[in-house]
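J.: This one is coords27.cif, mmCIF, C-alpha atoms.
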```cif
data_input
#
loop_
_atom_site.label_atom_id
_atom_site.label_comp_id
_atom_site.auth_asym_id
_atom_site.auth_seq_id
_atom_site.Cartn_x
_atom_site.Cartn_y
_atom_site.Cartn_z
CA MET A 1 0.00 0.00 0.00
CA ARG A 2 2.80 2.38 1.03
CA ARG A 3 4.73 1.40 -2.09
CA LEU A 4 1.70 2.19 -4.28
CA GLY A 5 1.43 5.58 -2.60
CA LEU A 6 5.09 6.29 -3.33
CA ILE A 7 4.69 5.27 -6.97
CA PHE A 8 1.69 7.61 -7.30
CA VAL A 9 3.52 10.54 -5.72
CA ALA A 10 6.63 9.95 -7.81
CA PHE A 11 4.66 9.86 -11.06
CA ALA A 12 2.63 12.89 -10.06
CA ILE A 13 5.86 14.84 -9.60
CA SER A 14 7.60 13.65 -12.74
CA ALA A 15 4.73 13.32 -15.28
CA PRO A 16 4.77 15.88 -18.11
CA ARG A 17 2.41 18.79 -17.53
CA VAL A 18 -0.53 19.22 -19.92
CA SER A 19 -0.67 22.76 -21.24
CA LEU A 20 -4.13 24.33 -20.97
CA ALA A 21 -3.45 27.23 -23.30
CA GLN A 22 -3.25 26.21 -26.94
CA PRO A 23 -1.31 28.68 -29.09
CA TYR A 24 -3.21 29.72 -32.21
CA GLN A 25 -1.98 28.00 -35.34
CA PRO A 26 -2.94 29.61 -38.66
CA LEU A 27 -4.74 27.05 -40.81
CA HIS A 28 -3.34 25.97 -44.15
CA ALA A 29 -4.10 23.13 -46.52
CA VAL A 30 -1.80 20.10 -46.55
CA LYS A 31 -3.25 18.18 -49.50
CA PRO A 32 -6.47 18.05 -51.52
CA LEU A 33 -8.91 15.18 -50.91
CA ASP A 34 -9.02 13.22 -54.14
CA GLY A 35 -12.42 11.95 -55.21
CA TYR A 36 -14.38 14.79 -53.63
CA VAL A 37 -15.68 18.17 -54.82
CA CYS A 38 -17.30 21.19 -53.20
CA MET A 39 -21.01 21.86 -53.60
CA SER A 40 -23.16 24.69 -52.24
CA LEU A 41 -26.36 24.49 -50.28
CA ASN A 42 -29.32 25.28 -52.51
CA LEU A 43 -31.03 27.69 -50.09
CA SER A 44 -32.04 31.33 -50.27
CA GLN A 45 -29.87 33.96 -48.60
CA GLU A 46 -32.53 34.39 -45.92
CA GLN A 47 -32.59 30.64 -45.22
CA MET A 48 -28.79 30.55 -45.06
CA MET A 49 -28.79 33.21 -42.37
CA ASN A 50 -31.61 31.70 -40.32
CA PRO A 51 -30.17 29.62 -37.46
CA SER A 52 -33.32 27.53 -37.24
CA VAL A 53 -33.01 26.31 -40.87
CA HIS A 54 -30.94 23.14 -41.05
CA VAL A 55 -30.17 20.73 -43.89
CA PRO A 56 -29.69 17.32 -42.29
CA ILE A 57 -26.99 14.84 -43.21
CA ARG A 58 -28.30 11.29 -42.81
CA SER A 59 -26.63 7.95 -42.31
CA ALA A 60 -28.49 6.36 -45.26
CA PRO A 61 -30.25 7.63 -48.40
CA SER A 62 -33.65 7.87 -46.78
CA ALA A 63 -35.72 10.56 -45.02
CA GLU A 64 -36.18 8.11 -42.15
CA ALA A 65 -32.46 7.46 -41.62
CA PRO A 66 -30.85 8.92 -38.48
CA VAL A 67 -29.41 12.44 -38.74
CA THR A 68 -25.66 12.41 -38.24
CA GLY A 69 -24.95 16.11 -38.78
CA MET A 70 -26.02 19.41 -40.28
CA ALA A 71 -24.70 20.81 -43.54
CA ALA A 72 -22.71 24.06 -43.71
CA ALA A 73 -22.76 26.46 -46.68
CA ILE A 74 -20.29 24.29 -48.58
CA VAL A 75 -20.71 20.52 -48.68
CA ILE A 76 -18.01 18.01 -49.66
CA THR A 77 -19.54 15.58 -52.15
CA LYS A 78 -18.15 12.33 -53.54
CA TRP A 79 -16.93 12.61 -57.13
CA PRO A 80 -17.85 10.94 -59.45
CA GLU A 81 -21.27 11.51 -57.94
CA GLU A 82 -22.89 8.70 -55.96
CA GLN A 83 -26.64 9.11 -55.99
CA GLU A 84 -29.22 6.78 -54.47
CA ARG A 85 -32.96 7.39 -54.16
CA GLY A 86 -32.46 11.14 -54.65
CA TYR A 87 -29.65 11.42 -52.07
CA LEU A 88 -26.03 12.33 -52.72
CA ARG A 89 -23.08 10.77 -50.90
CA VAL A 90 -21.21 13.43 -48.88
CA LEU A 91 -18.21 13.63 -46.58
CA GLN A 92 -18.77 15.29 -43.24
CA LEU A 93 -16.06 17.48 -41.75
CA ASP A 94 -15.54 14.90 -39.01
CA GLY A 95 -14.60 12.33 -41.66
CA ARG A 96 -17.83 10.32 -41.64
CA LEU A 97 -19.71 9.67 -44.85
CA GLY A 98 -23.39 10.56 -45.09
CA TRP A 99 -26.22 11.40 -47.43
CA ILE A 100 -28.00 14.67 -48.29
CA ASP A 101 -31.21 15.12 -50.25
CA ALA A 102 -29.88 16.14 -53.69
CA ARG A 103 -32.47 18.91 -53.98
CA TYR A 104 -30.60 20.86 -51.31
CA LEU A 105 -27.32 20.84 -53.24
CA LYS A 106 -26.05 22.70 -56.30
CA PRO A 107 -22.61 23.07 -57.90
CA TRP A 108 -20.31 25.27 -55.84
CA VAL A 109 -20.44 28.92 -56.80
CA ASN A 110 -17.71 31.41 -55.98
CA LEU A 111 -19.92 34.03 -54.35
CA GLY A 112 -17.65 36.94 -55.19
CA ASN A 113 -16.32 35.75 -58.56
CA THR A 114 -12.82 36.02 -57.13
CA GLY A 115 -11.62 33.39 -59.60
CA ASP A 116 -10.73 30.92 -56.87
CA ARG A 117 -11.87 27.32 -56.97
CA CYS A 118 -12.86 25.28 -53.92
CA PHE A 119 -10.85 22.19 -52.96
CA PRO A 120 -11.84 19.90 -50.09
CA SER A 121 -8.55 19.45 -48.27
CA LEU A 122 -6.74 17.89 -45.38
CA MET A 123 -5.70 20.82 -43.21
CA SER A 124 -2.61 21.53 -41.13
CA ASN A 125 -4.56 20.68 -37.95
CA GLY A 126 -5.19 17.16 -39.28
CA ARG A 127 -8.85 17.88 -39.92
CA ILE A 128 -10.92 18.29 -43.05
CA GLY A 129 -11.45 21.81 -44.39
CA PHE A 130 -11.38 23.92 -47.51
CA ALA A 131 -8.71 25.51 -49.68
CA PHE A 132 -9.54 28.16 -52.24
CA HIS A 133 -7.17 28.98 -55.05
CA HIS A 134 -6.93 29.12 -58.84
CA MET B 1 16.70 -23.22 22.12
CA SER B 2 13.79 -23.50 19.78
CA ALA B 3 12.35 -20.20 21.02
CA SER B 4 15.73 -18.49 20.60
CA ARG B 5 16.09 -19.82 17.02
CA THR B 6 12.58 -18.65 16.18
CA SER B 7 13.35 -15.24 17.61
CA GLU B 8 16.57 -15.00 15.56
CA LYS B 9 14.66 -16.06 12.42
CA HIS B 10 12.02 -13.34 13.01
CA ALA B 11 14.70 -10.71 13.58
CA SER B 12 16.45 -11.77 10.37
CA GLN B 13 13.17 -11.56 8.40
CA ARG B 14 12.45 -8.09 9.89
CA ARG B 15 15.93 -6.83 8.88
CA ARG B 16 15.42 -8.19 5.35
CA ARG B 17 12.01 -6.46 5.08
CA GLU B 18 13.51 -3.19 6.30
CA MET B 19 16.36 -3.44 3.77
CA HIS B 20 13.92 -4.17 0.95
CA GLY B 21 11.71 -1.32 2.11
CA ARG B 22 14.64 1.10 2.04
CA ARG B 23 15.66 -0.10 -1.43
CA ALA B 24 12.10 0.22 -2.78
CA VAL B 25 11.92 4.00 -2.46
CA PRO B 26 14.88 4.93 -4.67
CA TRP B 27 14.02 2.22 -7.20
CA VAL B 28 10.50 3.54 -7.67
CA LEU B 29 11.66 7.13 -7.79
CA TRP B 30 14.38 6.39 -10.33
CA LEU B 31 11.95 4.51 -12.58
CA SER B 32 9.27 7.16 -12.51
CA LEU B 33 11.70 10.03 -12.92
CA ALA B 34 13.32 8.28 -15.86
CA CYS B 35 9.91 7.82 -17.51
CA GLY B 36 8.47 11.24 -16.77
CA LEU B 37 11.23 13.78 -16.87
CA PRO B 38 12.32 13.45 -20.51
CA GLY B 39 8.69 13.98 -21.62
CA ALA B 40 8.28 16.98 -19.35
CA ALA B 41 11.52 18.48 -20.57
CA ALA B 42 10.65 17.90 -24.22
CA GLY B 43 7.27 19.62 -23.79
CA GLN B 44 8.82 22.75 -22.29
CA VAL B 45 9.57 25.76 -24.42
CA PRO B 46 11.19 28.77 -22.82
CA GLU B 47 8.82 31.69 -22.78
CA THR B 48 9.09 35.26 -21.68
CA LEU B 49 6.35 37.62 -20.63
CA ASN B 50 6.60 41.12 -22.09
CA GLY B 51 4.29 42.69 -19.54
CA PRO B 52 2.33 41.98 -16.39
CA PRO B 53 0.39 38.71 -16.16
CA ILE B 54 -3.42 38.46 -16.44
CA GLN B 55 -5.03 40.65 -13.81
CA VAL B 56 -8.01 39.60 -11.74
CA THR B 57 -10.88 41.91 -12.70
CA PRO B 58 -13.48 42.32 -9.94
CA TYR B 59 -17.07 42.05 -11.13
CA ALA B 60 -18.23 44.70 -8.67
CA PRO B 61 -15.63 47.45 -8.25
CA GLU B 62 -15.13 48.69 -4.73
CA PRO B 63 -16.80 52.12 -4.27
CA GLY B 64 -14.33 54.98 -4.31
CA VAL B 65 -11.54 52.98 -5.91
CA PRO B 66 -10.50 54.34 -9.32
CA LEU B 67 -10.64 51.96 -12.26
CA ILE B 68 -7.10 51.03 -13.23
CA THR B 69 -6.51 49.17 -16.45
CA ILE B 70 -3.23 47.35 -16.88
CA PRO B 71 -2.37 46.23 -20.43
CA LEU B 72 -1.69 42.53 -20.37
CA GLY B 73 1.61 41.02 -21.33
CA THR B 74 1.84 38.47 -24.08
CA LEU B 75 3.89 35.31 -24.04
CA THR B 76 6.55 35.12 -26.68
CA SER B 77 8.37 32.00 -27.63
CA PRO B 78 11.79 31.84 -29.25
CA SER B 79 10.50 29.33 -31.80
CA THR B 80 9.80 30.64 -35.31
CA ASP B 81 6.51 30.15 -37.08
CA SER B 82 6.67 29.94 -40.84
CA ASN B 83 2.99 30.69 -41.12
CA GLY B 84 3.23 34.17 -39.69
CA SER B 85 3.22 35.52 -36.19
CA GLY B 86 1.44 38.25 -34.35
CA SER B 87 3.18 41.45 -33.48
CA GLY B 88 2.45 44.86 -32.12
CA ASN B 89 -0.02 46.07 -29.59
CA GLY B 90 -3.53 45.61 -30.81
CA SER B 91 -2.97 44.29 -34.29
CA GLY B 92 -1.36 41.15 -35.60
CA SER B 93 0.56 41.03 -38.82
CA GLY B 94 3.03 38.76 -40.45
CA SER B 95 3.95 36.96 -43.59
CA GLY B 96 4.28 33.46 -44.89
CA ASP B 97 1.87 30.77 -46.12
CA GLY B 98 1.44 32.44 -49.46
CA GLY B 99 1.82 35.90 -48.02
CA SER B 100 -1.21 35.79 -45.84
CA GLY B 101 -0.15 34.69 -42.40
CA GLU B 102 -1.53 36.73 -39.58
CA GLY B 103 -1.28 36.31 -35.86
CA LEU B 104 -4.05 36.61 -33.34
CA ASP B 105 -1.84 37.69 -30.53
CA GLY B 106 -3.10 41.23 -30.65
CA GLY B 107 -1.93 42.47 -27.28
CA GLY B 108 -3.98 43.03 -24.19
CA SER B 109 -7.71 42.56 -23.97
CA ASN B 110 -9.87 45.01 -22.06
CA VAL B 111 -13.21 43.91 -23.42
CA LEU B 112 -14.31 42.44 -20.11
CA SER B 113 -13.51 45.73 -18.37
CA THR B 114 -15.56 47.57 -20.99
CA LEU B 115 -18.54 45.30 -20.40
CA LEU B 116 -18.19 45.55 -16.64
CA GLY B 117 -18.06 49.31 -16.97
CA THR B 118 -21.71 49.38 -18.02
CA SER B 119 -24.56 49.47 -15.49
CA TRP B 120 -25.75 46.03 -16.61
CA GLY B 121 -22.36 44.43 -17.26
CA SER B 122 -21.92 42.49 -14.04
CA THR B 123 -25.40 40.96 -14.44
CA ALA B 124 -24.58 40.02 -18.03
CA VAL B 125 -21.30 38.42 -16.95
CA ALA B 126 -23.01 36.42 -14.19
CA ASN B 127 -25.68 35.26 -16.65
CA ALA B 128 -23.06 34.26 -19.22
CA GLU B 129 -21.32 32.14 -16.60
CA ALA B 130 -24.69 30.68 -15.60
CA VAL B 131 -25.05 29.13 -19.07
CA GLY B 132 -21.42 27.99 -19.23
CA LEU B 133 -20.14 30.72 -21.55
CA ASN B 134 -16.74 32.34 -21.19
CA PRO B 135 -17.84 35.91 -20.23
CA THR B 136 -15.01 37.30 -22.35
CA ALA B 137 -16.82 35.90 -25.43
CA LEU B 138 -19.89 37.93 -24.51
CA ALA B 139 -17.76 41.00 -23.76
CA ALA B 140 -15.98 40.70 -27.12
CA THR B 141 -19.31 40.50 -28.94
CA CYS B 142 -20.61 43.52 -27.07
CA GLU B 143 -17.45 45.47 -27.90
CA LEU B 144 -17.43 44.50 -31.57
CA GLU B 145 -21.13 45.09 -32.16
CA SER B 146 -21.63 48.44 -30.50
CA GLY B 147 -18.71 49.31 -28.23
CA CYS B 148 -20.99 47.98 -25.46
CA GLY B 149 -23.66 50.54 -26.20
CA ALA B 150 -21.56 53.46 -27.33
CA ASN B 151 -22.42 53.02 -31.02
CA VAL B 152 -25.76 51.26 -31.25
CA GLY B 153 -26.85 51.50 -34.86
CA GLY B 154 -30.17 50.52 -36.34
CA GLY B 155 -29.05 49.22 -39.68
CA GLY B 156 -30.62 46.30 -41.50
CA GLY B 157 -32.91 45.05 -38.74
CA ALA B 158 -30.19 44.31 -36.20
CA GLN B 159 -31.09 45.74 -32.81
CA GLY B 160 -29.69 46.52 -29.40
CA VAL B 161 -26.26 46.53 -27.85
CA PHE B 162 -25.54 43.08 -29.30
CA GLN B 163 -27.05 43.94 -32.71
CA MET B 164 -29.04 40.73 -33.04
CA PHE B 165 -31.52 39.87 -35.75
CA PRO B 166 -34.90 38.57 -34.54
CA ALA B 167 -34.31 34.95 -35.64
CA ALA B 168 -30.90 34.78 -33.97
CA TYR B 169 -32.29 36.52 -30.88
CA GLN B 170 -35.07 33.93 -30.49
CA GLU B 171 -32.67 31.04 -31.07
CA GLY B 172 -30.24 32.47 -28.55
CA LEU B 173 -32.89 32.93 -25.89
CA GLN B 174 -34.11 29.37 -26.34
CA THR B 175 -30.59 27.97 -26.05
CA ALA B 176 -29.80 30.05 -22.95
CA LEU B 177 -33.04 29.14 -21.21
CA ALA B 178 -32.55 25.47 -22.02
CA ALA B 179 -29.13 25.71 -20.37
CA ASN B 180 -30.41 27.62 -17.34
CA PRO B 181 -34.20 28.03 -16.96
CA SER B 182 -33.80 30.31 -13.92
CA LEU B 183 -32.74 33.14 -16.28
CA ALA B 184 -36.37 33.44 -17.43
CA SER B 185 -37.11 35.77 -14.51
CA GLN B 186 -34.72 38.41 -15.95
CA ILE B 187 -36.10 38.42 -19.48
CA VAL B 188 -38.13 41.33 -20.83
CA PRO B 189 -40.77 39.61 -22.97
CA GLY B 190 -41.55 40.34 -26.60
CA SER B 191 -39.55 42.39 -29.06
CA ALA B 192 -38.79 44.97 -26.35
CA GLY B 193 -36.30 42.46 -24.98
CA MET B 194 -34.01 43.09 -27.93
CA ASN B 195 -33.43 46.60 -26.66
CA ASP B 196 -33.01 45.58 -23.02
CA PRO B 197 -29.27 44.93 -22.57
CA VAL B 198 -29.67 42.24 -19.88
CA THR B 199 -32.22 40.32 -21.95
CA GLU B 200 -30.26 40.66 -25.18
CA ALA B 201 -27.07 39.64 -23.38
CA ILE B 202 -28.78 36.40 -22.35
CA ALA B 203 -29.84 35.82 -25.97
CA SER B 204 -26.36 36.66 -27.23
CA ALA B 205 -24.81 34.27 -24.70
CA GLY B 206 -27.18 31.54 -25.85
CA TYR B 207 -26.34 32.23 -29.48
CA LEU B 208 -22.62 32.01 -28.76
CA MET B 209 -23.21 28.69 -26.97
CA GLN B 210 -25.03 27.55 -30.10
CA ALA B 211 -22.06 28.71 -32.20
CA ASN B 212 -19.75 26.64 -30.05
CA GLN B 213 -21.92 23.55 -30.41
CA ALA B 214 -22.31 24.01 -34.17
CA LEU B 215 -18.57 24.48 -34.72
CA GLN B 216 -17.75 21.45 -32.60
CA ALA B 217 -20.28 19.44 -34.58
CA GLN B 218 -18.35 20.46 -37.72
CA ASN B 219 -15.17 19.07 -36.15
CA VAL B 220 -13.71 22.41 -35.07
CA ALA B 221 -11.90 21.51 -31.86
CA ASP B 222 -12.22 23.92 -28.93
CA PRO B 223 -13.76 26.78 -30.92
CA THR B 224 -12.21 30.14 -30.14
CA ILE B 225 -13.89 33.50 -29.75
CA VAL B 226 -12.71 34.62 -33.21
CA GLN B 227 -14.19 31.47 -34.75
CA GLY B 228 -17.44 32.08 -32.89
CA ARG B 229 -17.28 35.64 -34.20
CA GLY B 230 -17.51 34.28 -37.75
CA TYR B 231 -20.68 32.42 -36.82
CA TYR B 232 -22.13 35.53 -35.17
CA GLU B 233 -21.22 37.90 -37.99
CA PHE B 234 -21.77 35.73 -41.08
CA GLY B 235 -24.45 33.33 -39.82
CA PRO B 236 -24.39 29.60 -39.05
CA THR B 237 -23.73 28.14 -42.50
CA TYR B 238 -21.12 30.66 -43.71
CA GLY B 239 -19.52 31.02 -40.28
CA THR B 240 -18.58 27.34 -40.20
CA ILE B 241 -16.85 27.61 -43.58
CA VAL B 242 -14.89 30.67 -42.45
CA ALA B 243 -13.72 28.64 -39.43
CA THR B 244 -12.52 25.74 -41.60
CA ALA B 245 -10.99 27.66 -44.55
CA THR B 246 -7.32 28.48 -45.08
CA GLN B 247 -5.95 31.85 -43.97
CA SER B 248 -5.45 32.97 -47.57
CA THR B 249 -9.09 32.43 -48.58
CA PRO B 250 -10.75 35.67 -49.76
CA LEU B 251 -13.96 36.13 -47.80
CA GLY B 252 -15.63 37.16 -51.06
CA ALA B 253 -15.38 33.58 -52.31
CA ILE B 254 -17.33 32.09 -49.41
CA VAL B 255 -19.51 34.85 -47.93
CA PRO B 256 -22.11 36.77 -50.00
CA ALA B 257 -21.02 40.24 -51.08
CA GLY B 258 -24.10 41.86 -49.54
CA LEU B 259 -23.36 40.34 -46.16
CA LEU B 260 -19.76 41.54 -46.31
CA ALA B 261 -20.90 45.03 -47.34
CA ASP B 262 -23.30 45.14 -44.39
CA ASN B 263 -20.30 44.54 -42.14
CA ASN B 264 -18.00 46.96 -44.01
CA ILE B 265 -15.72 44.14 -45.15
CA SER B 266 -14.10 44.11 -48.57
CA PRO B 267 -14.59 40.87 -50.58
CA THR B 268 -10.82 40.71 -51.11
CA THR B 269 -10.16 40.56 -47.37
CA THR B 270 -8.74 37.14 -46.54
CA VAL B 271 -9.85 34.96 -43.65
CA GLY B 272 -6.50 35.64 -41.95
CA GLN B 273 -6.79 39.40 -42.40
CA TRP B 274 -10.33 39.40 -41.07
CA GLN B 275 -9.26 37.36 -38.02
CA ALA B 276 -6.39 39.78 -37.42
CA SER B 277 -8.75 42.75 -37.65
CA VAL B 278 -11.02 41.14 -35.05
CA ALA B 279 -8.01 40.47 -32.82
CA ALA B 280 -6.94 44.10 -33.21
CA LYS B 281 -10.23 45.17 -31.64
CA ILE B 282 -10.55 42.59 -28.87
CA GLY B 283 -6.90 41.72 -28.19
CA ASN B 284 -5.97 38.33 -26.84
CA ALA B 285 -9.64 37.51 -26.22
CA ALA B 286 -9.68 36.38 -29.87
CA SER B 287 -7.85 33.15 -29.14
CA GLN B 288 -9.68 32.31 -25.92
CA PRO B 289 -12.22 29.46 -25.95
CA ILE B 290 -15.92 30.34 -26.29
CA ILE B 291 -16.96 28.24 -23.35
CA MET B 292 -15.53 28.12 -19.83
#
```
Is it possible to give me this structure as C-alpha cells?

T.:
Amino acid sequence: MRRLGLIFVAFAISAPRVSLAQPYQPLHAVKPLDGYVCMSLNLSQEQMMNPSVHVPIRSAPSAEAPVTGMAAAIVITKWPEEQERGYLRVLQLDGRLGWIDARYLKPWVNLGNTGDRCFPSLMSNGRIGFAFHH
Amino acid sequence: MSASRTSEKHASQRRRREMHGRRAVPWVLWLSLACGLPGAAAGQVPETLNGPPIQVTPYAPEPGVPLITIPLGTLTSPSTDSNGSGSGNGSGSGSGDGGSGEGLDGGGSNVLSTLLGTSWGSTAVANAEAVGLNPTALAATCELESGCGANVGGGGGAQGVFQMFPAAYQEGLQTALAANPSLASQIVPGSAGMNDPVTEAIASAGYLMQANQALQAQNVADPTIVQGRGYYEFGPTYGTIVATATQSTPLGAIVPAGLLADNNISPTTTVGQWQASVAAKIGNAASQPIIM
C-alpha cells in the first residue's frame, strides 16, 4: 500500500504537464482530398442566415435514416457523384460519410467571382477543411 | 533453544524487510523520474512575458476605488513560425503561407472591463457564466457590435447593444433558457427584450453557446472567440466555412457580397486578415475558448 502511494507521488511529480493554453496555429491546406468536390447548399440567402433552418446529413439515403450532422454552406460531395434514391453521398467534416437530399445541393459557386476554386482538403490541424485557389 | 532460534529467524526476516523497504523507495523514484522527466523536458519551451500577467478583474468594483486598467503582457516564444506571427499592440501582422499569415496575438484585452463598466455588465457576466459561456466571449461580442452601447446603430434590422436579428435573438434565448431556466425571470418579454441589454445579453450568450456547439459538430476543436465571431457575424452556414478555410481564402469567395458590405468588409479581405482585424479590436480575447 505504502509502495503504491510512493509510486503515485513519484509519477505525479515527474509526469509531463498538460498545457491548458493552446497557441493559435494559422490554418493551411496540406493536400487536396481526391475523389471529392465542393457543392453549395441550394437555399435562399434568408434561409442561409436563419439559425433555425438546417439541412440534415443522414446515415443512409432515406428521409427516415438517423441524422448524423447538419450541412454548412459548402458541402463536400463524392466525385464521381454517388446518388441513391435522390440522395447524394457526402463527406462530413468529421470524416464520416453521409447522405444529403440532392435537392438541397447545387454546384459550388464562388460568391464573389474572385476566380478561386474550392478544394476539399486535409488541413494543417489534421482535420478536413477547404482551400480556395486558382 | 527452539524459542531463541525462532526469535533469531524473526529478527532476520524483519531486517530483510527493512532493507527491501529502504531499497524500494529509490528504485521507484528512479523509474518514474526516468519515464516522466524526458517527456516533461521535451514539452517545455522557454517563454518570456513582455508585460504583467493576467489581472483579476473584480465584477463589482469597490466604491471609491478608481478603475485602473493594466495592459496585459503576451507570451513570446523563441520558436519561429513559418505561417506568420502576431506582433504589435492591438494588431497582428506577419507573412508566410502564401503571403497571408496573420497572428491573433493582438496584445492586451480590455473587453471584459468595458462590459463591466456598463450598469448592466456584471449581471450580463453572471448570466453568461450561468449558461457555461466564457464571459469574455460575450464581452468581445458587445465590444465589436456596439462598443458595449456606445455606437448602437439601427441598420438592416439588427437591434440593441448586441445587434441581433430577430431569428438569432429567439434562437439564442431558447438555447440560454434550455441551459439555465432560472434566467427566465430576468427576461423582458416580446420584441422589447431586444433593446433591453440584460435580456439581449442572455440571448447573445445563448447564441454564442449555439455557435460553439455548431462548430464542434463540424469538427472544429475547442472553438475560439474569433471562430465564434464568424458564426455571429456571417451566420451559421457561412460562419462554419470561415472557421474551416485556409488563412489565404478571400472572404468574397465564401460569404455573400451583400453580407460583407453590411459589415464593411471588402470581398478581397482574406480569412486571416479578417481574423487579425477582429483580434486588433478585442486583443488576446480572440484566441480564448468560447466556453468556460

J.: I'd like the interatomic distance between atom CA of Pro80 of chain A and atom CA of Asn125 of chain A, to a tenth of an Å.

T.: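 Separation between atom CA of Pro80 of chain A and atom CA of Asn125 of chain A: 27.1 Å.
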
J.: Using all atoms listed in the file, which residue out of B:Pro223, B:Pro289, B:Gly206, B:Pro256 lies closest to chain A?

T.: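 Going through B:Pro223, B:Pro289, B:Gly206, B:Pro256 one by one, the smallest distance to chain A is for B:Pro256.
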
J.: Using atom CA of Ser191 of chain B and atom CA of Asn264 of chain B as the two end points, give the distance in Å to one decimal.

T.: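 Computing the Euclidean distance for atom CA of Ser191 of chain B and atom CA of Asn264 of chain B yields 26.6 Å.
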
J.: Just want the 8 Å neighbourhood of Pro120 of chain A, counted on all atoms listed in the file, with same-chain residues fewer than 2 positions away dropped. Output as a ChimeraX atom specification.

T.: /A:32-33,36-38,76,118,122,128-131

J.: Under the rule that only C-alpha atoms are counted, which of A:Pro56, A:Pro26, A:Pro61, A:Pro51 is the nearest residue to Tyr207 of chain B?

T.: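 Using only C-alpha atoms, the shortest distance to Tyr207 of chain B belongs to A:Pro51.
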
J.: Suppose a student applies the PyMOL selection byres ((chain A and resi 126) around 12) to this structure; what residues should they get, written as number ranges by chain?

T.: A: 25, 27-31, 93-95, 121-125, 127-129; B: 219-221, 244

J.: Please dump the current selection as a PDB file, in the frame of the given file; keep C-alpha atoms.

T.:
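This is the output file part_9.pdb:
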```pdb
ATOM      1  CA  GLN A  25      -1.980  28.000 -35.340  1.00  0.00           C
ATOM      2  CA  LEU A  27      -4.740  27.050 -40.810  1.00  0.00           C
ATOM      3  CA  HIS A  28      -3.340  25.970 -44.150  1.00  0.00           C
ATOM      4  CA  ALA A  29      -4.100  23.130 -46.520  1.00  0.00           C
ATOM      5  CA  VAL A  30      -1.800  20.100 -46.550  1.00  0.00           C
ATOM      6  CA  LYS A  31      -3.250  18.180 -49.500  1.00  0.00           C
ATOM      7  CA  LEU A  93     -16.060  17.480 -41.750  1.00  0.00           C
ATOM      8  CA  ASP A  94     -15.540  14.900 -39.010  1.00  0.00           C
ATOM      9  CA  GLY A  95     -14.600  12.330 -41.660  1.00  0.00           C
ATOM     10  CA  SER A 121      -8.550  19.450 -48.270  1.00  0.00           C
ATOM     11  CA  LEU A 122      -6.740  17.890 -45.380  1.00  0.00           C
ATOM     12  CA  MET A 123      -5.700  20.820 -43.210  1.00  0.00           C
ATOM     13  CA  SER A 124      -2.610  21.530 -41.130  1.00  0.00           C
ATOM     14  CA  ASN A 125      -4.560  20.680 -37.950  1.00  0.00           C
ATOM     15  CA  ARG A 127      -8.850  17.880 -39.920  1.00  0.00           C
ATOM     16  CA  ILE A 128     -10.920  18.290 -43.050  1.00  0.00           C
ATOM     17  CA  GLY A 129     -11.450  21.810 -44.390  1.00  0.00           C
TER      18      GLY A 129
ATOM     19  CA  ASN B 219     -15.170  19.070 -36.150  1.00  0.00           C
ATOM     20  CA  VAL B 220     -13.710  22.410 -35.070  1.00  0.00           C
ATOM     21  CA  ALA B 221     -11.900  21.510 -31.860  1.00  0.00           C
ATOM     22  CA  THR B 244     -12.520  25.740 -41.600  1.00  0.00           C
TER      23      THR B 244
END
```

J.: As an exercise, work out the distance from atom CA of Lys106 of chain A to atom CA of Leu41 of chain A in Å and give it to one decimal place.

T.: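 Atom CA of Leu41 of chain A lies 6.3 Å from atom CA of Lys106 of chain A.
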
J.: Name the residues captured by the PyMOL selection byres ((chain B and resi 188) around 12) when it is applied to the shown file; answer as a list in words.

T.: Leu173, Leu183, Ala184, Ser185, Gln186, Ile187, Pro189, Gly190, Ser191, Ala192, Gly193, Met194, Asn195, Asp196, Pro197, Val198, Thr199, Glu200, Ala201, Ile202 and Ala203 of chain B
